[in-house]
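Undergrad: One structure, as C-alpha cells, below. Some questions next.
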Amino acid sequence: MSYLGLNTTTDDHAAKASPADVRRKNRQLIFRLLFPTNQYSRAELGRRTGLSRVAVSDVVGRMLEEGLLRETGQAPSGGKGKRGTLLSIDIDRLRIISIDLTQEHLLHGAVTNLLGQPLRHAEVTLNTGSFVSVDVIIELIEKMLGMSDGEVIGIGVASPGVVDNGVVRSSTMRGWNNLDLSTPIAEHFGLEVNVSNDATAAMLTERFFGQGGPNMLFVRIERGIGSAILLSDTPVIGELHAAGELGHISIDLDGPLCPCGKHGCLETMISGTALKKQLSAADVEQHQGILARAGRYLGQALSMPVGLLDMADACVYGQPNIINETFIDAAQQYLDAATSSSFHKHTVIRRCECGPDITVQGEAIAVVFQHLAK
C-alpha cells in the first residue's frame with residue numbers, strides 16, 4: 001500500500017487478507033476516487049473500482065456514519081432508471097489539527113477540514129534563536145483543539161529535516177537530533193499523530209490543489225532548502241528517510257561551511273536566507289545577476305535527479321521576489337543544457353503558486369490518509 005493509498009496491486013498476501021483489511025483497502029480506494037472534489041454515485045464508484053454493489057454499499061455506509069463522506073444530491077439522469085445519489089468528501093464534520101514548524105520566528109497551527117483547508121489559525125511567537133521544545137508544540141495544539149468545531153481525528157506536524165516514523169533524526173534549522181515528536185504528543189492527547197518532512201507535506205498540497213501530477217520534483221526554498229519526490233503518486237522517502245535532501249548536496253567543495261558539516265551545500269548558497277544577505281549587500285543593478293547565478297545552481301542540483309528519474313515536472317516554492325522569472329529562466333536554461341536529449345522529454349521548472357498555508361494543508365492531507373489506513 002502506498003503512502004497515499006493509491007497502490008491497488010494484489011498479491012498472495014492480499015488474497016489472504018482479513019475482511020477488515022479488505023474493507024480498509026476498499027474505503028481507501030473509494031475515498032481516493034472522491035478526493036478532493038469529485039462526486040460519484042454508488043453505481044459509478046462500483047464501475048470505477050470493480051467492487052460489487054454490496055461491497056460499495058457496505059463501505060460507503062460506514063464512511064457516511066464516520067463522517068468521511070456525505071450525500072450531495074441526485075446524479076444526472078442517464079435513462080429511465082432511478083437516479084443515483086451523489087457522494088463527496090464531507091468537509092463539515094471531522095477536523096484535523098495541523099502544525100507548521102518551518103517558520104523561523106513562529107509556530108503556525110490550523111484547524112482544517114478533510115481537504116486540509118484551514119478554518120482557524122493560531123500562532124506561537126518565538127524569540128530569536130530560541131529552542132523549540134515539544135511542550136511548546138503541545139501548548140499550541142491545546143489552543144487549536146479549543147478552537148475546533150468538530151471531532152478531531154488526528155494531529156499533523158510538518159517539520160524541517162529528516163523525519164523517521166515520528167522522530168526528527170536531524171534538523172539543522174531547529175537544532176534537533178533524534179527528537180521524538182510523535183510519541184509525547186500522541187500520549188498527551190490520545191489522538192493519532194503524523195509527523196512529516198515539511199517539503200513532503202507541501203508537495204501534497206501542490207499535488208491535489210496546485211498544478212502537480214503523480215510524478216513531480218518539489219523544491220522548497222525558504223530559510224533552508226528542502227525537496228520531495230513524487231513517483232506514481234507515492235512520495236519517495238528513502239532507505240534512511242532522508243530522500244529529498246537537495247539542500248545538502250555540495251555544489252562547491254570549497255564553498256561555505258554548512259551546519260551539516262560539509263562545504264558548499266546548496267543551502268548555504270541559494271537558500272532564502274543566503275540570497276537575502278547577498279541581495280542586501282549588493283547594488284540593485286547586481287540583483288538580477290545574483291538571482292540568475294542562484295537559478296543556475298538550482299539547475300545544476302536538479303540535473304542529476306531529473307536525469308536519473310526521467311522527471312518532466314519540477315516545481316519550486318519560495319518568495320516571489322526570489323523565485324522570480326530571472327531565477328526560473330536561469331535554472332531552466334542550465335537544466336535544458338544538462339539533461340535534454342533524444343530520449344528525455346523536456347523538464348519544465350515552474351514556480352509553485354499555492355499560498356502560505358501550503359504546509360498546514362499538506363500535513364492535514366497526510367493525516368487524513370493515515371487515518372484511512374488504520
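Ordering of the C-alpha cells sets the chain letters (A, B, ...), residue numbers begin anew at 1 in every chain, and ligands are numbered from 1 in the order given.
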Would you mind listing what lies within 8 Å of Glu71 (chain A) as a list in words, with only C-alpha atoms counted and same-chain residues fewer than 2 positions away left out?
TA: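 That gives Leu69, Gly73, Thr85, Leu86, Leu87 and Ser88 of chain A.
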Undergrad: Determine, using only C-alpha atoms, which residues of region 169-277 of chain A have any atom at most 12 Å from an atom of region 351-357 of chain A, and tabulate each with its shortest atom pair and distance in Å to one decimal place, rows ordered by chain and then rising number, as a tab-separated table.
TA:
residue	atom	partner	partner_atom	distance
A:Asp198	CA	A:Asp357	CA	11.8
A:Ala201	CA	A:Asp357	CA	10.9
A:Ala202	CA	A:Asp357	CA	8.8
A:Met203	CA	A:Cys352	CA	9.6
A:Leu204	CA	A:Cys354	CA	10.9
A:Thr205	CA	A:Cys354	CA	7.6
A:Glu206	CA	A:Cys354	CA	6.7
A:Arg207	CA	A:Cys354	CA	10.3
A:Phe208	CA	A:Cys354	CA	10.6
A:Phe209	CA	A:Cys354	CA	7.7
A:Gly210	CA	A:Cys354	CA	6.2
A:Gln211	CA	A:Cys352	CA	8.0
A:Gly212	CA	A:Cys352	CA	9.0
A:Met216	CA	A:Cys352	CA	11.8
A:Leu217	CA	A:Cys352	CA	11.4
A:Phe218	CA	A:Cys352	CA	8.8
A:Val219	CA	A:Cys352	CA	9.1
A:Arg220	CA	A:Cys352	CA	9.2
A:Ile221	CA	A:Arg351	CA	10.9
A:Glu222	CA	A:Pro356	CA	11.8
Undergrad: So how many Å separate CA of Val136 (chain A) and CA of Asn178 (chain A), to one decimal?
TA: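 Spanning CA of Val136 (chain A) to CA of Asn178 (chain A) is a straight-line distance of 17.5 Å.
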Undergrad: Restricting the calculation to only C-alpha atoms, which member of A:Gly150, A:Gly318, A:Gly84, A:Pro235 is positioned closest to Leu119 (chain A)?
TA: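 Of all the options, A:Gly150 lies closest to Leu119 (chain A).
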